[in-house]
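Novice: Okay, here's the structure, questions in a sec.
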Amino acid sequence: MSRILAVGTALPPFRLSQSDAKQLAGGHFGSRVQALKRYLSVFDHALVDQRFLCVAPEWLLREHRISETNQIYLEWAKQLAYEATVRCLDSAGIKPEQVDRVIFISTSGIATPSLDVDLILKAGLRTDVKRTPVFGLGCAGGASGVSLAGAICRATNERVLLVAVELTSLTFQPNDLTPKNVVAASLFGDGAGAVLIGPAEIGVGKLDIVRSTSLLYPETTSLMGWHFGDTGFEVVVSERIPSMISELMPKALRSLLGEDGIHLDQVKSLIFHPGGRRVLEVFEQSLGRPSNEFMSSYETLRRHGNMSSATVLFVLDHVLAHAEQAPGSYGILAAFGPGFSAELSLLKWAEDEGAGRQ
C-alpha cells in the first residue's frame, strides 16, 4: 500500500482581491469592447475572493514577448517548487536524500532542461534520483501525479516526491478580447504543491492510496487546453465541459469503486479540483452530495482561485488539516482536464498506529 506522507504548498507574493481584479478587467476590457462589459459579472459569481500572482497585476495588462513571460515562469516556478518541497519534506520528517523519485508536473510554461533538475540540486536531493517530468495534463495533472506516484510506490517501495507548479496568470492575453479570456481572468491564480508518497509501513501520514483510474472521452480534445499563438499560451475552454464531466463521472466512479464493491456512501472525503463554480455544482449533482461535503474544494477556490494542476494538492492539504475522517473510511481525489480526461484515486484513512505522526 502506498501512502500520502505529507503535503507542502507555496504561493507567490502578489495578492489580488477579486474586487480589484474586476476593476482592472473592467478598465481593460470595457474600454475596448463595450459588449464585454456584461461578462464582468462572472467575477461576482466565480466564488473567488482572492488569488496570488507572481507578477504585479498591472504587468499582465501590457504586451510582453514570449521570451520575457517564459523567463518569469522559469524563475518563479523554480522558487515555488523549492518552497513547496521543503515544507513537504519537513512535514514528513524525511531528508532530501531519502527521496527516490521526482515527478514534476507543469503546463503553464516551457523548460528544457525540465525544472526538476533545478529542484533536485537546490533542495539537496540525490543526483541519482529518478526523474519523471510531465507536461500537458493541465488541471488533471495533480490528480494524475498522485495516481502515478502511488502506482510506482506500490511496485517499487520508492519514496516519490510529486511536485506540481503552475503560473496560470502568465497565460493572460491582454489583446484577447473574447469572453473566455474574461472568464479565465476571473479564476486563474499561481501556486505550487508538493506531495510525498511512500510505503505505508513508514508509519507517518494519514491517507493510503488504494488504487486509481483514468478515463478519456473520445473526440473532445478541442474542449480544453492551450493554443500556442504568436504571443504565447492562449486558453482554450469550452462551455461543454460541465456536461462532459457529468457524462464521464459515472463511468469513472464505476471503474474506481466497482472492483471491491465499495459503495459511494462509504466515501467520506471528497478531494476534488475546483475548476470553477459550475464544475463544483456538477460534482455535487453527479455524486448526490451537498455542497458542504466539498468544503475544502470551495475554500481552496475562494482563497486561491484555479491554479490548474496544483489546485487539487491544495485541496488535499486543506482536507488533511481540517477534515480528517475516521480510520478505515474512504476518500476520492479527482480532477478533470484536457483530453478530455478524468483522473481519480481512491484513498483510505489509515488504520495503523503510525497514522498521524507527521
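Letters A, B, ... mark the chains of the C-alpha cells in the order given; residue numbers begin at 1 per chain; ligand numbers begin at 1, in order shown.
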Dump as a tab-separated table the rows for residues of segment 53-166 of chain A within 10 Å of segment 205-208 of chain A: closest atom pair and distance in Å with one decimal, only C-alpha atoms counted, ordered by chain and rising residue number.
Specialist:
residue	atom	partner	partner_atom	distance
A:Ser91	CA	A:Gly205	CA	9.6
A:Ala92	CA	A:Gly205	CA	7.6
A:Gly150	CA	A:Asp208	CA	8.9
Novice: Residues of segment 25-84 of chain A that approach segment 269-293 of chain A to 9 Å or less, counting only C-alpha atoms: could you list each one with the shortest pair of atoms and its distance in Å to one decimal, rows by chain and increasing residue number, as a Markdown table?
Specialist:
| residue | atom | partner | partner_atom | distance |
| --- | --- | --- | --- | --- |
| A:His45 | CA | A:Arg277 | CA | 7.7 |
| A:Ala46 | CA | A:Arg277 | CA | 5.8 |
| A:Leu47 | CA | A:Arg277 | CA | 6.5 |
| A:Val48 | CA | A:Gly276 | CA | 8.8 |
Novice: DSSP on the backbone: which residues in segment 234-287 of chain A end up as strand (DSSP E or B)? Give the answer as a compact mmCIF listing (two decimals) with all heavy atoms, in the first residue's frame.
Specialist:
# COMPACT_ATOMS: atom_id res chain seq x y z
N GLU A 234 -2.59 30.64 -25.06
CA GLU A 234 -3.94 31.20 -25.12
C GLU A 234 -4.91 30.13 -24.63
O GLU A 234 -4.91 29.00 -25.12
CB GLU A 234 -4.29 31.61 -26.55
CG GLU A 234 -3.36 32.68 -27.12
CD GLU A 234 -3.58 32.91 -28.61
OE1 GLU A 234 -4.55 32.33 -29.16
OE2 GLU A 234 -2.80 33.64 -29.22
N VAL A 235 -5.72 30.47 -23.65
CA VAL A 235 -6.59 29.49 -23.02
C VAL A 235 -7.65 28.98 -23.99
O VAL A 235 -8.22 29.73 -24.78
CB VAL A 235 -7.24 30.07 -21.75
CG1 VAL A 235 -8.23 31.19 -22.09
CG2 VAL A 235 -7.92 28.97 -20.95
N VAL A 236 -7.90 27.68 -23.92
CA VAL A 236 -8.98 27.03 -24.65
C VAL A 236 -9.90 26.41 -23.61
O VAL A 236 -9.47 25.54 -22.84
CB VAL A 236 -8.46 25.94 -25.61
CG1 VAL A 236 -9.64 25.22 -26.28
CG2 VAL A 236 -7.53 26.54 -26.65
N VAL A 237 -11.14 26.86 -23.54
CA VAL A 237 -12.09 26.32 -22.57
C VAL A 237 -13.49 26.37 -23.17
O VAL A 237 -13.90 27.39 -23.71
CB VAL A 237 -12.02 27.10 -21.23
CG1 VAL A 237 -12.31 28.57 -21.42
CG2 VAL A 237 -12.95 26.48 -20.20
N VAL A 267 -17.69 6.65 1.04
CA VAL A 267 -16.71 7.69 0.75
C VAL A 267 -17.05 8.94 1.55
O VAL A 267 -18.10 9.55 1.36
CB VAL A 267 -16.68 8.01 -0.77
CG1 VAL A 267 -15.72 9.17 -1.04
CG2 VAL A 267 -16.28 6.78 -1.56
N LYS A 268 -16.18 9.32 2.46
CA LYS A 268 -16.44 10.45 3.36
C LYS A 268 -15.65 11.71 2.97
O LYS A 268 -16.05 12.81 3.35
CB LYS A 268 -16.08 10.06 4.80
CG LYS A 268 -16.80 8.81 5.30
CD LYS A 268 -18.32 8.97 5.27
CE LYS A 268 -19.02 7.73 5.79
NZ LYS A 268 -20.49 7.85 5.70
N SER A 269 -14.54 11.55 2.27
CA SER A 269 -13.69 12.69 1.92
C SER A 269 -13.71 12.91 0.42
O SER A 269 -13.37 12.00 -0.35
CB SER A 269 -12.25 12.46 2.39
OG SER A 269 -12.20 12.29 3.79
N LEU A 270 -14.11 14.10 -0.01
CA LEU A 270 -14.20 14.44 -1.43
C LEU A 270 -13.16 15.51 -1.73
O LEU A 270 -13.33 16.68 -1.37
CB LEU A 270 -15.60 14.91 -1.76
CG LEU A 270 -16.71 13.87 -1.48
CD1 LEU A 270 -18.08 14.48 -1.66
CD2 LEU A 270 -16.53 12.64 -2.35
N ILE A 271 -12.08 15.09 -2.38
CA ILE A 271 -10.93 15.97 -2.64
C ILE A 271 -10.91 16.25 -4.14
O ILE A 271 -10.22 15.60 -4.92
CB ILE A 271 -9.62 15.29 -2.16
CG1 ILE A 271 -9.77 14.87 -0.69
CG2 ILE A 271 -8.43 16.24 -2.34
CD1 ILE A 271 -8.68 13.92 -0.22
N PHE A 272 -11.73 17.19 -4.57
CA PHE A 272 -11.97 17.43 -5.99
C PHE A 272 -11.39 18.78 -6.42
O PHE A 272 -11.50 19.77 -5.70
CB PHE A 272 -13.47 17.41 -6.28
CG PHE A 272 -14.05 16.02 -6.40
CD1 PHE A 272 -13.90 15.09 -5.39
CD2 PHE A 272 -14.73 15.64 -7.55
CE1 PHE A 272 -14.43 13.81 -5.50
CE2 PHE A 272 -15.27 14.38 -7.67
CZ PHE A 272 -15.12 13.45 -6.65
Novice: Please run DSSP on the backbone and report, as a list in words, all residues within segment 280-314 of chain A that come out as helix (DSSP H, G or I).
Specialist: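 Restricting segment 280-314 of chain A to helix (DSSP H, G or I) produces Leu280, Glu281, Val282, Phe283, Glu284, Gln285, Ser286, Leu287, Ser291, Asn292, Glu293, Phe294, Met295, Ser296, Ser297, Tyr298, Glu299, Thr300, Leu301, Arg302, Arg303, His304, Ser308, Ser309, Ala310, Thr311, Val312, Leu313 and Phe314 of chain A.
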Novice: With a cut-off of 8 Å, could you pull out the residues of segment 153-213 of chain A touching segment 332-347 of chain A and give me the nearest pair of atoms for each, distance in Å to one decimal, using only C-alpha atoms, ordered by chain and ascending number, as CSV?
Specialist:
residue,atom,partner,partner_atom,distance
A:Leu207,CA,A:Leu347,CA,6.2
A:Asp208,CA,A:Leu347,CA,5.4
A:Ile209,CA,A:Leu347,CA,4.6
A:Val210,CA,A:Leu346,CA,5.5
A:Arg211,CA,A:Leu346,CA,5.5
A:Ser212,CA,A:Ser345,CA,4.1
A:Thr213,CA,A:Leu344,CA,5.4
Novice: Report, in Å with one decimal, the straight-line distance from atom CA of Pro13 of chain A to atom CA of Ala149 of chain A.
Specialist: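 That distance, rounded to one decimal, is 29.6 Å.
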Novice: Have a look at atom CA of Arg254 of chain A and atom CA of Cys139 of chain A and let me know their distance in Å, one decimal.
Specialist: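 Those two atoms sit 21.9 Å apart.
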Novice: Please measure the separation of atom CA of Val7 of chain A and atom CA of Ala194 of chain A, giving the value in Å to one decimal.
Specialist: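 That distance, rounded to one decimal, is 5.6 Å.
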Novice: Quick one: residues within 8 Å of Thr178 of chain A, only C-alpha atoms, excluding same-chain residues fewer than 3 positions away - as a PyMOL selection string?
Specialist: chain A and resi 36+181-182
Novice: Compile the contact shell of Ser17 of chain A as a PyMOL selection string: residues with an atom at most 7 Å away, counting only C-alpha atoms, same-chain residues fewer than 2 positions apart removed.
Specialist: chain A and resi 15+19-21+49-51
Novice: Take the residues from that selection and put them in a file with C-alpha atoms, as a short mmCIF file (atom, residue, chain, number, x, y, z; two decimals), in the first residue's frame.
Specialist:
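This went into out15.cif:
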data_model
loop_
_atom_site.label_atom_id
_atom_site.label_comp_id
_atom_site.auth_asym_id
_atom_site.auth_seq_id
_atom_site.Cartn_x
_atom_site.Cartn_y
_atom_site.Cartn_z
CA ARG A 15 -2.21 39.10 -3.62
CA SER A 19 -12.88 43.20 -6.38
CA ASP A 20 -9.57 44.65 -7.61
CA ALA A 21 -9.41 42.04 -10.37
CA ASP A 49 -12.23 36.09 -3.05
CA GLN A 50 -8.56 36.40 -3.91
CA ARG A 51 -5.63 34.71 -5.64
#
Novice: Against segment 145-148 of chain A, which residues of segment 181-202 of chain A fall within 12 Å? For each one I want the closest pair of atoms and the distance in Å (one decimal), counting only C-alpha atoms, rows by chain and increasing residue number, as a tab-separated table.
Specialist:
residue	atom	partner	partner_atom	distance
A:Gly193	CA	A:Gly145	CA	11.3
A:Ala194	CA	A:Val146	CA	10.3
A:Val195	CA	A:Val146	CA	8.1
A:Leu196	CA	A:Val146	CA	9.4
A:Ile197	CA	A:Val146	CA	8.1
A:Gly198	CA	A:Val146	CA	11.2
Novice: Using only C-alpha atoms, which protein or nucleic acid residues come within 9 Å of Ser169 of chain A? Drop anything in the same chain fewer than 4 positions from it, and give the result as an NGL selection string.
Specialist: :A and (52-55 or 57 or 60 or 108 or 184-185 or 188-190 or 307)
Novice: Could the residues in this selection be written to a file with all heavy atoms, as a compact mmCIF listing (two decimals), in the first residue's frame?
Specialist:
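Ended up saving to again01.txt:
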# COMPACT_ATOMS: atom_id res chain seq x y z
N PHE A 52 -3.23 34.59 -5.80
CA PHE A 52 -1.87 35.10 -5.68
C PHE A 52 -1.17 34.99 -7.04
O PHE A 52 -1.31 33.99 -7.75
CB PHE A 52 -1.10 34.33 -4.61
CG PHE A 52 -1.62 34.60 -3.22
CD1 PHE A 52 -2.71 33.89 -2.73
CD2 PHE A 52 -1.05 35.58 -2.43
CE1 PHE A 52 -3.22 34.14 -1.47
CE2 PHE A 52 -1.55 35.84 -1.16
CZ PHE A 52 -2.64 35.12 -0.68
N LEU A 53 -0.41 36.02 -7.36
CA LEU A 53 0.25 36.12 -8.67
C LEU A 53 1.75 36.27 -8.49
O LEU A 53 2.23 36.78 -7.48
CB LEU A 53 -0.28 37.32 -9.44
CG LEU A 53 -1.81 37.51 -9.51
CD1 LEU A 53 -2.14 38.77 -10.29
CD2 LEU A 53 -2.49 36.31 -10.12
N CYS A 54 2.50 35.87 -9.52
CA CYS A 54 3.95 36.00 -9.48
C CYS A 54 4.43 37.34 -10.04
O CYS A 54 5.63 37.65 -9.99
CB CYS A 54 4.61 34.85 -10.24
SG CYS A 54 4.22 34.80 -12.00
N VAL A 55 3.49 38.13 -10.56
CA VAL A 55 3.81 39.48 -11.04
C VAL A 55 2.74 40.44 -10.53
O VAL A 55 1.64 40.01 -10.15
CB VAL A 55 3.88 39.55 -12.58
CG1 VAL A 55 5.05 38.75 -13.13
CG2 VAL A 55 2.56 39.07 -13.20
N PRO A 57 -0.34 42.79 -10.79
CA PRO A 57 -1.47 42.66 -11.73
C PRO A 57 -1.37 43.57 -12.94
O PRO A 57 -1.73 43.17 -14.05
CB PRO A 57 -2.68 43.01 -10.85
CG PRO A 57 -2.25 42.68 -9.46
CD PRO A 57 -0.79 43.00 -9.41
N LEU A 60 0.32 42.31 -16.15
CA LEU A 60 -0.41 41.41 -17.03
C LEU A 60 -1.18 42.15 -18.12
O LEU A 60 -1.50 41.57 -19.16
CB LEU A 60 -1.38 40.55 -16.22
CG LEU A 60 -0.74 39.63 -15.18
CD1 LEU A 60 -1.81 39.01 -14.30
CD2 LEU A 60 0.08 38.53 -15.86
N SER A 108 2.15 25.41 -17.70
CA SER A 108 1.94 26.83 -17.96
C SER A 108 3.21 27.56 -18.39
O SER A 108 3.24 28.78 -18.43
CB SER A 108 1.34 27.51 -16.72
OG SER A 108 2.04 27.14 -15.55
N ALA A 184 -11.34 33.37 -17.78
CA ALA A 184 -10.05 32.92 -17.25
C ALA A 184 -9.48 33.94 -16.27
O ALA A 184 -8.92 33.58 -15.22
CB ALA A 184 -9.08 32.67 -18.40
N ALA A 185 -9.65 35.22 -16.59
CA ALA A 185 -9.12 36.27 -15.72
C ALA A 185 -9.84 36.30 -14.37
O ALA A 185 -9.28 36.77 -13.38
CB ALA A 185 -9.26 37.63 -16.40
N PHE A 188 -8.01 32.43 -12.66
CA PHE A 188 -6.66 31.89 -12.62
C PHE A 188 -5.77 32.54 -11.56
O PHE A 188 -5.78 33.75 -11.37
CB PHE A 188 -5.98 32.05 -13.98
CG PHE A 188 -6.39 31.00 -14.98
CD1 PHE A 188 -6.07 31.15 -16.32
CD2 PHE A 188 -7.07 29.86 -14.58
CE1 PHE A 188 -6.42 30.18 -17.25
CE2 PHE A 188 -7.43 28.89 -15.50
CZ PHE A 188 -7.11 29.05 -16.84
N GLY A 189 -5.00 31.69 -10.88
CA GLY A 189 -4.00 32.13 -9.91
C GLY A 189 -2.78 31.25 -10.02
O GLY A 189 -2.74 30.28 -10.79
N ASP A 190 -1.76 31.56 -9.23
CA ASP A 190 -0.48 30.86 -9.28
C ASP A 190 -0.19 30.15 -7.96
O ASP A 190 -0.58 30.64 -6.88
CB ASP A 190 0.66 31.86 -9.56
CG ASP A 190 0.44 32.65 -10.84
OD1 ASP A 190 -0.31 32.18 -11.71
OD2 ASP A 190 1.02 33.75 -10.95
N MET A 307 -5.58 27.11 -9.86
CA MET A 307 -4.14 27.05 -10.12
C MET A 307 -3.80 25.82 -10.96
O MET A 307 -2.71 25.25 -10.86
CB MET A 307 -3.37 27.00 -8.80
CG MET A 307 -3.57 28.21 -7.91
SD MET A 307 -2.90 27.96 -6.24
CE MET A 307 -4.13 26.82 -5.56
Novice: Could you tell me which of A:Leu248, A:Leu170, A:Gly305, A:Arg159 comes closest to Gln18 of chain A if we count only C-alpha atoms?
Specialist: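 With only C-alpha atoms as the atom set, the closest residue is A:Gly305.
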Novice: May I have the residues within 9 Å of Lys22 of chain A as an MDAnalysis selection string, using only C-alpha atoms and disregarding those fewer than 4 positions away in the same chain?
Specialist: chainID A and resid 17:18 26:27 40:44 185:186
Novice: Which residue out of A:Arg62, A:His318, A:Arg101, A:Arg38 has the minimum interatomic distance to Thr156 of chain A when only C-alpha atoms are used?
Specialist: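 Counting only C-alpha atoms, the residue closest to Thr156 of chain A is A:Arg101.
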Novice: Could you check which of A:Gln98, A:Thr9, A:Thr107, A:Thr171 is closest to Gly141 of chain A, using only C-alpha atoms?
Specialist: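 Ranked by minimum distance to Gly141 of chain A, first place goes to A:Thr107.
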Novice: Considering only C-alpha atoms, state which residue in the set A:Pro199, A:Gly142, A:Gly229, A:Gly191 is at the smallest distance from Ala155 of chain A.
Specialist: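 Among A:Pro199, A:Gly142, A:Gly229, A:Gly191, it is A:Pro199 that comes nearest to Ala155 of chain A.
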